[in-house]
>>> print(open('input.pdb').read())   # PDB, C-alpha atoms
ATOM      1  CA  MET L1461      16.275   2.045  49.122
ATOM      2  CA  LYS L1462      18.076   1.801  45.796
ATOM      3  CA  ASP L1463      16.350  -0.115  42.958
ATOM      4  CA  ARG L1464      18.339  -3.308  42.342
ATOM      5  CA  THR L1465      16.700  -4.324  39.083
ATOM      6  CA  PHE L1466      19.043  -6.322  36.893
ATOM      7  CA  THR L1467      19.570  -4.846  33.472
ATOM      8  CA  PRO L1468      21.392  -7.089  31.021
ATOM      9  CA  ARG L1469      24.376  -5.493  29.298
ATOM     10  CA  PRO L1470      26.693  -6.873  26.669
ATOM     11  CA  ALA L1471      29.964  -8.239  27.974
ATOM     12  CA  PRO L1472      32.986  -6.029  27.395
ATOM     13  CA  PRO L1473      35.058  -7.127  24.415
ATOM     14  CA  ASP L1474      37.889  -9.524  25.228
ATOM     15  CA  ASP L1475      40.981  -8.201  23.499
ATOM     16  CA  SER L1476      43.236 -10.833  25.033
ATOM     17  CA  PRO L1477      45.571 -12.384  22.477
ATOM     18  CA  PHE L1478      45.421 -15.743  24.325
ATOM     19  CA  PRO L1479      42.510 -17.347  22.389
ATOM     20  CA  SER L1480      43.822 -16.552  18.920
ATOM     21  CA  LEU L1481      47.424 -17.477  19.753
ATOM     22  CA  ALA L1482      46.416 -20.685  21.540
ATOM     23  CA  GLY L1483      44.098 -21.649  18.677
ATOM     24  CA  ALA L1484      46.767 -21.063  16.037
ATOM     25  CA  LEU L1485      49.357 -23.005  18.047
ATOM     26  CA  ASP L1486      46.936 -25.870  18.714
ATOM     27  CA  ALA L1487      46.078 -26.291  15.020
ATOM     28  CA  ARG L1488      49.698 -26.216  13.838
ATOM     29  CA  LEU L1489      51.069 -28.465  16.577
ATOM     30  CA  ARG L1490      48.321 -31.079  16.198
ATOM     31  CA  ALA L1491      49.104 -31.253  12.474
ATOM     32  CA  GLU L1492      52.899 -30.973  12.518
ATOM     33  CA  ALA L1493      54.069 -32.334  15.891
ATOM     34  CA  PRO L1494      51.405 -34.797  17.099
ATOM     35  CA  ASP L1495      53.873 -37.149  18.806
ATOM     36  CA  THR L1496      55.394 -34.448  21.017
ATOM     37  CA  PHE L1497      52.551 -31.937  21.465
ATOM     38  CA  ALA L1498      50.796 -32.484  24.822
ATOM     39  CA  GLY L1499      48.388 -29.527  24.980
ATOM     40  CA  ILE L1500      48.126 -25.824  25.775
ATOM     41  CA  VAL L1501      47.198 -24.153  29.044
ATOM     42  CA  ARG L1502      47.259 -20.632  30.422
ATOM     43  CA  GLY L1503      50.059 -20.317  32.945
ATOM     44  CA  PRO L1504      49.577 -18.715  36.360
ATOM     45  CA  ASP L1505      51.071 -15.480  34.993
ATOM     46  CA  GLY L1506      48.787 -15.480  31.929
ATOM     47  CA  ALA L1507      51.426 -16.843  29.554
ATOM     48  CA  VAL L1508      50.654 -19.503  26.982
ATOM     49  CA  GLU L1509      52.246 -22.766  28.095
ATOM     50  CA  VAL L1510      52.768 -25.353  25.379
ATOM     51  CA  TYR L1511      53.177 -28.797  26.941
ATOM     52  CA  ALA L1512      55.437 -31.240  25.135
ATOM     53  CA  THR L1513      56.738 -34.729  25.723
ATOM     54  CA  VAL L1514      60.284 -33.640  24.849
ATOM     55  CA  SER L1515      62.015 -30.406  23.915
ATOM     56  CA  ASP L1516      61.841 -30.967  20.171
ATOM     57  CA  PRO L1517      63.516 -28.341  17.922
ATOM     58  CA  ALA L1518      60.744 -28.721  15.308
ATOM     59  CA  LEU L1519      58.042 -28.051  17.905
ATOM     60  CA  VAL L1520      59.961 -25.081  19.306
ATOM     61  CA  ALA L1521      60.357 -23.667  15.774
ATOM     62  CA  ILE L1522      56.604 -23.932  15.150
ATOM     63  CA  VAL L1523      55.882 -22.203  18.460
ATOM     64  CA  GLU L1524      58.367 -19.419  17.675
ATOM     65  CA  GLY L1525      56.938 -18.919  14.181
ATOM     66  CA  VAL L1526      53.323 -18.681  15.351
ATOM     67  CA  HIS L1527      54.325 -16.463  18.283
ATOM     68  CA  ALA L1528      56.197 -14.074  15.977
ATOM     69  CA  SER L1529      53.284 -13.946  13.514
ATOM     70  CA  THR L1530      50.936 -12.753  16.265
ATOM     71  CA  GLY L1531      53.153  -9.856  17.323
ATOM     72  CA  ARG L1532      54.476 -11.416  20.540
ATOM     73  CA  ARG L1533      51.820  -9.644  22.654
ATOM     74  CA  ILE L1534      51.797 -12.432  25.241
ATOM     75  CA  ALA L1535      54.550 -14.619  26.716
ATOM     76  CA  VAL L1536      54.856 -18.191  25.451
ATOM     77  CA  ARG L1537      56.738 -21.027  27.136
ATOM     78  CA  VAL L1538      57.399 -24.582  25.990
ATOM     79  CA  VAL L1539      57.133 -26.970  28.949
ATOM     80  CA  PRO L1540      58.771 -30.309  28.088
ATOM     81  CA  GLY L1541      58.670 -33.501  30.140
ATOM     82  CA  MET L1542      55.058 -34.616  29.761
ATOM     83  CA  LYS L1543      54.642 -38.388  29.623
ATOM     84  CA  ASN L1544      51.733 -38.443  27.141
ATOM     85  CA  SER L1545      51.070 -36.628  23.894
ATOM     86  CA  LEU L1546      47.678 -34.999  23.485
ATOM     87  CA  ALA L1547      46.952 -37.347  20.565
ATOM     88  CA  SER L1548      47.518 -40.427  22.750
ATOM     89  CA  LEU L1549      45.268 -39.003  25.491
ATOM     90  CA  GLU L1550      42.535 -38.188  22.994
ATOM     91  CA  ASN L1551      42.772 -41.732  21.608
ATOM     92  CA  LEU L1552      42.397 -43.138  25.128
ATOM     93  CA  PHE L1553      39.472 -40.776  25.780
ATOM     94  CA  ALA L1554      37.752 -42.126  22.645
ATOM     95  CA  ARG L1555      38.338 -45.691  23.897
ATOM     96  CA  VAL L1556      36.902 -44.864  27.340
ATOM     97  CA  ARG L1557      33.871 -43.272  25.690
ATOM     98  CA  VAL L1558      33.251 -46.457  23.664
ATOM     99  CA  GLU L1559      33.792 -48.759  26.663
ATOM    100  CA  ALA L1560      32.009 -46.649  29.326
ATOM    101  CA  ASP L1561      28.754 -48.634  29.243
ATOM    102  CA  GLU L1562      30.682 -51.904  29.574
ATOM    103  CA  VAL L1563      32.535 -50.488  32.598
ATOM    104  CA  ARG L1564      29.204 -49.451  34.153
ATOM    105  CA  GLN L1565      27.712 -52.905  33.472
ATOM    106  CA  ARG L1566      30.523 -54.362  35.614
ATOM    107  CA  GLY L1567      29.211 -52.288  38.519
ATOM    108  CA  VAL L1568      31.654 -49.377  38.304
ATOM    109  CA  ALA L1569      29.746 -46.078  38.555
ATOM    110  CA  LEU L1570      31.792 -44.187  35.956
ATOM    111  CA  VAL L1571      30.158 -40.741  36.002
ATOM    112  CA  SER L1572      32.702 -38.563  34.184
ATOM    113  CA  TYR L1573      35.762 -38.790  31.979
ATOM    114  CA  GLY L1574      37.814 -36.388  29.936
ATOM    115  CA  VAL L1575      41.285 -35.287  28.930
ATOM    116  CA  HIS L1576      42.885 -33.111  31.604
ATOM    117  CA  ILE L1577      45.822 -31.306  30.008
ATOM    118  CA  PRO L1578      47.537 -29.989  33.178
ATOM    119  CA  ALA L1579      47.459 -33.483  34.723
ATOM    120  CA  ASN L1580      48.574 -34.999  31.392
ATOM    121  CA  ARG L1581      46.042 -37.770  31.941
ATOM    122  CA  VAL L1582      42.515 -38.841  31.123
ATOM    123  CA  ARG L1583      40.548 -38.252  34.312
ATOM    124  CA  LEU L1584      37.976 -40.839  35.294
ATOM    125  CA  GLY L1585      35.342 -39.855  37.868
ATOM    126  CA  VAL L1586      33.802 -42.778  39.755
ATOM    127  CA  GLU L1587      30.989 -42.516  42.263
ATOM    128  CA  GLY L1588      31.678 -44.718  45.290
ATOM    129  CA  LEU L1589      35.347 -45.117  44.388
ATOM    130  CA  THR L1590      37.327 -47.765  46.275
ATOM    131  CA  PRO L1591      41.066 -48.487  46.063
ATOM    132  CA  GLU L1592      40.250 -51.748  44.270
ATOM    133  CA  ILE L1593      38.158 -50.012  41.594
ATOM    134  CA  ALA L1594      40.834 -47.344  41.090
ATOM    135  CA  GLU L1595      43.541 -49.980  40.657
ATOM    136  CA  SER L1596      41.371 -52.003  38.273
ATOM    137  CA  LEU L1597      40.745 -48.960  36.058
ATOM    138  CA  ARG L1598      44.441 -48.012  36.094
ATOM    139  CA  ARG L1599      45.349 -51.543  34.981
ATOM    140  CA  GLU L1600      42.670 -51.526  32.280
ATOM    141  CA  PHE L1601      43.418 -48.107  30.791
ATOM    142  CA  GLY L1602      47.083 -47.560  31.704
ATOM    143  CA  PRO L1603      48.488 -46.262  34.984
ATOM    144  CA  ASP L1604      50.501 -43.568  33.208
ATOM    145  CA  GLN L1605      47.517 -42.367  31.196
ATOM    146  CA  VAL L1606      44.615 -42.202  33.646
ATOM    147  CA  GLU L1607      43.901 -40.466  36.912
ATOM    148  CA  VAL L1608      40.999 -41.959  38.860
ATOM    149  CA  ASN L1609      39.055 -39.711  41.252
ATOM    150  CA  GLU L1610      35.848 -39.788  43.278
ATOM    151  CA  GLY L1611      33.150 -38.332  41.058
ATOM    152  CA  GLY L1612      29.547 -37.357  41.639
ATOM    153  CA  ARG L1613      26.533 -37.300  39.406
ATOM    154  CA  PHE L1614      25.162 -33.969  38.259
ATOM    155  CA  GLN L1615      22.272 -32.908  40.408
ATOM    156  CA  PRO L1616      20.015 -30.109  39.154
ATOM    157  CA  MET L1617      19.777 -27.107  41.455
ATOM    158  CA  SER L1618      16.093 -27.761  42.195
ATOM    159  CA  ASP L1619      16.942 -31.249  43.564
ATOM    160  CA  ARG L1620      19.642 -29.824  45.838
ATOM    161  CA  ASP L1621      17.341 -27.083  47.074
ATOM    162  CA  ALA L1622      14.653 -29.625  48.039
ATOM    163  CA  ARG L1623      16.829 -30.998  50.858
TER
END
>>> encode(input="input.pdb", output="structure tokens")
Amino acid sequence: MKDRTFTPRPAPPDDSPFPSLAGALDARLRAEAPDTFAGIVRGPDGAVEVYATVSDPALVAIVEGVHASTGRRIAVRVVPGMKNSLASLENLFARVRVEADEVRQRGVALVSYGVHIPANRVRLGVEGLTPEIAESLRREFGPDQVEVNEGGRFQPMSDRDAR
């Protein structure tokens, strides 16, 4: 039988241009187009997708400039039509973080929350979610800015294995 001893090895270098291009775009767009910039994701084909609230010529020019400066080694697309800018979602996330204990004190088991760029919403995870709780949270935080889902608490592996 072959010895199956695990021997740690360093990970192969990642020469993908995605992280550096996405980072450069993120920094510039947050600073220069905060009202229209809605985030960056990797598209299904590996392209950089820059989400925007509208197709703004200034945003497109920034994207083109950064893309050109990195040698155009990866496709970049601007995807307009998002309802919320990333800045507005991050502001709402900060508000949820401040108000989370108050929400829990009202009996809502809010177990997770965070900005979800592809959904263009702040996702709220609630354990024991009911339609009434979901509607209440949408009214409180904005139906166009939050997505409320059933959420579960983190359970360490040893607790799950004990069952």
>>> resolve_selection(input="input.pdb", expression="the PyMOL selection byres ((chain L and resi 1483) around 12)", output="ChimeraX atom specification")
/L:1477-1482,1484-1490,1499-1501,1508,1510,1523,1526-1527,1530
>>> atom_distance(input="input.pdb", atom1="atom CA of Pro1603 of chain L", atom2="atom CA of Glu1509 of chain L")
24.8 Å
>>> resolve_selection(input="input.pdb", expression="the PyMOL selection byres ((chain L and resi 1612) around 7)", output="list in words")
Val1571, Glu1587, Glu1610, Gly1611, Arg1613 and Phe1614 of chain L
>>> closest_residue(input="input.pdb", among="L:Arg1564, L:Asn1609, L:Leu1552, L:Phe1601", to="Leu1589 of chain L", atoms="only C-alpha atoms")
L:Asn1609
>>> residues_around(input="input.pdb", residues="Ala1498 of chain L", least_positions_apart="4", cutoff="7 Å", atoms="only C-alpha atoms", output="short mmCIF file (atom, residue, chain, number, x, y, z; two decimals) with C-alpha atoms, keeping the file's coordinate frame")
data_model
loop_
_atom_site.label_atom_id
_atom_site.label_comp_id
_atom_site.auth_asym_id
_atom_site.auth_seq_id
_atom_site.Cartn_x
_atom_site.Cartn_y
_atom_site.Cartn_z
CA TYR L 1511 53.18 -28.80 26.94
CA ALA L 1512 55.44 -31.24 25.14
CA THR L 1513 56.74 -34.73 25.72
CA MET L 1542 55.06 -34.62 29.76
CA ASN L 1544 51.73 -38.44 27.14
CA SER L 1545 51.07 -36.63 23.89
CA LEU L 1546 47.68 -35.00 23.48
#
>>> resolve_selection(input="input.pdb", expression="the PyMOL selection byres ((chain L and resi 1584) around 6)", output="list in words")
Ser1572, Tyr1573, Arg1583, Gly1585 and Val1608 of chain L
>>> residues_around(input="input.pdb", residues="Val1606 of chain L", least_positions_apart="4", cutoff="12 Å", atoms="all atoms listed in the file", output="ChimeraX atom specification")
/L:1543-1544,1548-1550,1552-1553,1556,1573-1577,1579-1585,1594-1602
>>> write_last_selection(input="input.pdb", atoms="C-alpha atoms", output="JSON list (two decimals), in the frame of the given file")
[["chain", "number", "residue", "atom", "x", "y", "z"],
["L", 1543, "LYS", "CA", 54.64, -38.39, 29.62],
["L", 1544, "ASN", "CA", 51.73, -38.44, 27.14],
["L", 1548, "SER", "CA", 47.52, -40.43, 22.75],
["L", 1549, "LEU", "CA", 45.27, -39.00, 25.49],
["L", 1550, "GLU", "CA", 42.54, -38.19, 22.99],
["L", 1552, "LEU", "CA", 42.40, -43.14, 25.13],
["L", 1553, "PHE", "CA", 39.47, -40.78, 25.78],
["L", 1556, "VAL", "CA", 36.90, -44.86, 27.34],
["L", 1573, "TYR", "CA", 35.76, -38.79, 31.98],
["L", 1574, "GLY", "CA", 37.81, -36.39, 29.94],
["L", 1575, "VAL", "CA", 41.28, -35.29, 28.93],
["L", 1576, "HIS", "CA", 42.88, -33.11, 31.60],
["L", 1577, "ILE", "CA", 45.82, -31.31, 30.01],
["L", 1579, "ALA", "CA", 47.46, -33.48, 34.72],
["L", 1580, "ASN", "CA", 48.57, -35.00, 31.39],
["L", 1581, "ARG", "CA", 46.04, -37.77, 31.94],
["L", 1582, "VAL", "CA", 42.52, -38.84, 31.12],
["L", 1583, "ARG", "CA", 40.55, -38.25, 34.31],
["L", 1584, "LEU", "CA", 37.98, -40.84, 35.29],
["L", 1585, "GLY", "CA", 35.34, -39.85, 37.87],
["L", 1594, "ALA", "CA", 40.83, -47.34, 41.09],
["L", 1595, "GLU", "CA", 43.54, -49.98, 40.66],
["L", 1596, "SER", "CA", 41.37, -52.00, 38.27],
["L", 1597, "LEU", "CA", 40.74, -48.96, 36.06],
["L", 1598, "ARG", "CA", 44.44, -48.01, 36.09],
["L", 1599, "ARG", "CA", 45.35, -51.54, 34.98],
["L", 1600, "GLU", "CA", 42.67, -51.53, 32.28],
["L", 1601, "PHE", "CA", 43.42, -48.11, 30.79],
["L", 1602, "GLY", "CA", 47.08, -47.56, 31.70]]
>>> atom_distance(input="input.pdb", atom1="atom CA of Pro1540 of chain L", atom2="atom CA of Ala1554 of chain L")
24.7 Å
>>> atom_distance(input="input.pdb", atom1="atom CA of Arg1555 of chain L", atom2="atom CA of Val1568 of chain L")
16.3 Å
>>> residues_near_point(input="input.pdb", point="(59.1, -22.3, 17.2)", cutoff="12 Å", atoms="all atoms listed in the file", output="list in words")
Leu1485, Arg1488, Leu1489, Glu1492, Ala1493, Val1510, Ser1515, Asp1516, Pro1517, Ala1518, Leu1519, Val1520, Ala1521, Ile1522, Val1523, Glu1524, Gly1525, Val1526, His1527, Ala1528, Ser1529, Val1536, Arg1537 and Val1538 of chain L
>>> write_last_selection(input="input.pdb", atoms="C-alpha atoms", output="PDB file, keeping the file's coordinate frame")
ATOM      1  CA  LEU L1485      49.357 -23.005  18.047  1.00  0.00           C
ATOM      2  CA  ARG L1488      49.698 -26.216  13.838  1.00  0.00           C
ATOM      3  CA  LEU L1489      51.069 -28.465  16.577  1.00  0.00           C
ATOM      4  CA  GLU L1492      52.899 -30.973  12.518  1.00  0.00           C
ATOM      5  CA  ALA L1493      54.069 -32.334  15.891  1.00  0.00           C
ATOM      6  CA  VAL L1510      52.768 -25.353  25.379  1.00  0.00           C
ATOM      7  CA  SER L1515      62.015 -30.406  23.915  1.00  0.00           C
ATOM      8  CA  ASP L1516      61.841 -30.967  20.171  1.00  0.00           C
ATOM      9  CA  PRO L1517      63.516 -28.341  17.922  1.00  0.00           C
ATOM     10  CA  ALA L1518      60.744 -28.721  15.308  1.00  0.00           C
ATOM     11  CA  LEU L1519      58.042 -28.051  17.905  1.00  0.00           C
ATOM     12  CA  VAL L1520      59.961 -25.081  19.306  1.00  0.00           C
ATOM     13  CA  ALA L1521      60.357 -23.667  15.774  1.00  0.00           C
ATOM     14  CA  ILE L1522      56.604 -23.932  15.150  1.00  0.00           C
ATOM     15  CA  VAL L1523      55.882 -22.203  18.460  1.00  0.00           C
ATOM     16  CA  GLU L1524      58.367 -19.419  17.675  1.00  0.00           C
ATOM     17  CA  GLY L1525      56.938 -18.919  14.181  1.00  0.00           C
ATOM     18  CA  VAL L1526      53.323 -18.681  15.351  1.00  0.00           C
ATOM     19  CA  HIS L1527      54.325 -16.463  18.283  1.00  0.00           C
ATOM     20  CA  ALA L1528      56.197 -14.074  15.977  1.00  0.00           C
ATOM     21  CA  SER L1529      53.284 -13.946  13.514  1.00  0.00           C
ATOM     22  CA  VAL L1536      54.856 -18.191  25.451  1.00  0.00           C
ATOM     23  CA  ARG L1537      56.738 -21.027  27.136  1.00  0.00           C
ATOM     24  CA  VAL L1538      57.399 -24.582  25.990  1.00  0.00           C
TER      25      VAL L1538
END
>>> closest_residue(input="input.pdb", among="L:Ser1476, L:Thr1590, L:Gln1605, L:Thr1496", to="Asn1551 of chain L", atoms="only C-alpha atoms")
L:Gln1605
>>> residues_around(input="input.pdb", residues="Gly1567 of chain L", least_positions_apart="6", cutoff="12 Å", atoms="all atoms listed in the file", output="list in words")
Ala1560, Asp1561, Val1586, Glu1587, Gly1588, Leu1589 and Ile1593 of chain L
>>> decode(input="input.pdb", residues="segment 1536-1548 of chain L", atoms="N, CA, C and O atoms", output="PDB file, in the first residue's frame")
ATOM      1  N   VAL L1536     -12.572  43.341 -19.158  1.00  0.00           N
ATOM      2  CA  VAL L1536     -13.270  44.180 -18.177  1.00  0.00           C
ATOM      3  C   VAL L1536     -14.582  44.633 -18.798  1.00  0.00           C
ATOM      4  O   VAL L1536     -14.610  45.064 -19.955  1.00  0.00           O
ATOM      5  N   ARG L1537     -15.658  44.517 -18.023  1.00  0.00           N
ATOM      6  CA  ARG L1537     -16.969  44.990 -18.465  1.00  0.00           C
ATOM      7  C   ARG L1537     -17.559  45.914 -17.412  1.00  0.00           C
ATOM      8  O   ARG L1537     -17.450  45.630 -16.215  1.00  0.00           O
ATOM      9  N   VAL L1538     -18.218  46.974 -17.858  1.00  0.00           N
ATOM     10  CA  VAL L1538     -19.007  47.815 -16.964  1.00  0.00           C
ATOM     11  C   VAL L1538     -20.446  47.324 -17.075  1.00  0.00           C
ATOM     12  O   VAL L1538     -20.982  47.192 -18.175  1.00  0.00           O
ATOM     13  N   VAL L1539     -21.051  47.026 -15.920  1.00  0.00           N
ATOM     14  CA  VAL L1539     -22.421  46.515 -15.873  1.00  0.00           C
ATOM     15  C   VAL L1539     -23.285  47.561 -15.172  1.00  0.00           C
ATOM     16  O   VAL L1539     -23.311  47.636 -13.948  1.00  0.00           O
ATOM     17  N   PRO L1540     -23.981  48.406 -15.959  1.00  0.00           N
ATOM     18  CA  PRO L1540     -24.825  49.432 -15.341  1.00  0.00           C
ATOM     19  C   PRO L1540     -26.177  48.847 -14.917  1.00  0.00           C
ATOM     20  O   PRO L1540     -26.518  47.714 -15.243  1.00  0.00           O
ATOM     21  N   GLY L1541     -26.940  49.664 -14.194  1.00  0.00           N
ATOM     22  CA  GLY L1541     -28.305  49.282 -13.835  1.00  0.00           C
ATOM     23  C   GLY L1541     -28.496  48.841 -12.400  1.00  0.00           C
ATOM     24  O   GLY L1541     -29.584  48.422 -12.018  1.00  0.00           O
ATOM     25  N   MET L1542     -27.446  48.919 -11.584  1.00  0.00           N
ATOM     26  CA  MET L1542     -27.593  48.561 -10.173  1.00  0.00           C
ATOM     27  C   MET L1542     -28.397  49.661  -9.474  1.00  0.00           C
ATOM     28  O   MET L1542     -28.296  50.827  -9.824  1.00  0.00           O
ATOM     29  N   LYS L1543     -29.184  49.280  -8.511  1.00  0.00           N
ATOM     30  CA  LYS L1543     -30.026  50.247  -7.795  1.00  0.00           C
ATOM     31  C   LYS L1543     -29.228  51.029  -6.748  1.00  0.00           C
ATOM     32  O   LYS L1543     -29.487  52.200  -6.496  1.00  0.00           O
ATOM     33  N   ASN L1544     -28.248  50.371  -6.121  1.00  0.00           N
ATOM     34  CA  ASN L1544     -27.519  50.966  -4.999  1.00  0.00           C
ATOM     35  C   ASN L1544     -26.032  51.102  -5.294  1.00  0.00           C
ATOM     36  O   ASN L1544     -25.422  50.187  -5.839  1.00  0.00           O
ATOM     37  N   SER L1545     -25.463  52.223  -4.882  1.00  0.00           N
ATOM     38  CA  SER L1545     -24.008  52.362  -4.970  1.00  0.00           C
ATOM     39  C   SER L1545     -23.378  51.557  -3.832  1.00  0.00           C
ATOM     40  O   SER L1545     -24.027  51.276  -2.815  1.00  0.00           O
ATOM     41  N   LEU L1546     -22.125  51.201  -4.002  1.00  0.00           N
ATOM     42  CA  LEU L1546     -21.416  50.482  -2.951  1.00  0.00           C
ATOM     43  C   LEU L1546     -21.321  51.346  -1.694  1.00  0.00           C
ATOM     44  O   LEU L1546     -21.481  50.836  -0.578  1.00  0.00           O
ATOM     45  N   ALA L1547     -21.107  52.637  -1.857  1.00  0.00           N
ATOM     46  CA  ALA L1547     -21.024  53.534  -0.694  1.00  0.00           C
ATOM     47  C   ALA L1547     -22.322  53.516   0.108  1.00  0.00           C
ATOM     48  O   ALA L1547     -22.290  53.465   1.344  1.00  0.00           O
ATOM     49  N   SER L1548     -23.467  53.526  -0.557  1.00  0.00           N
ATOM     50  CA  SER L1548     -24.743  53.510   0.179  1.00  0.00           C
ATOM     51  C   SER L1548     -24.937  52.174   0.893  1.00  0.00           C
ATOM     52  O   SER L1548     -25.441  52.131   2.018  1.00  0.00           O
TER      53      SER L1548
END
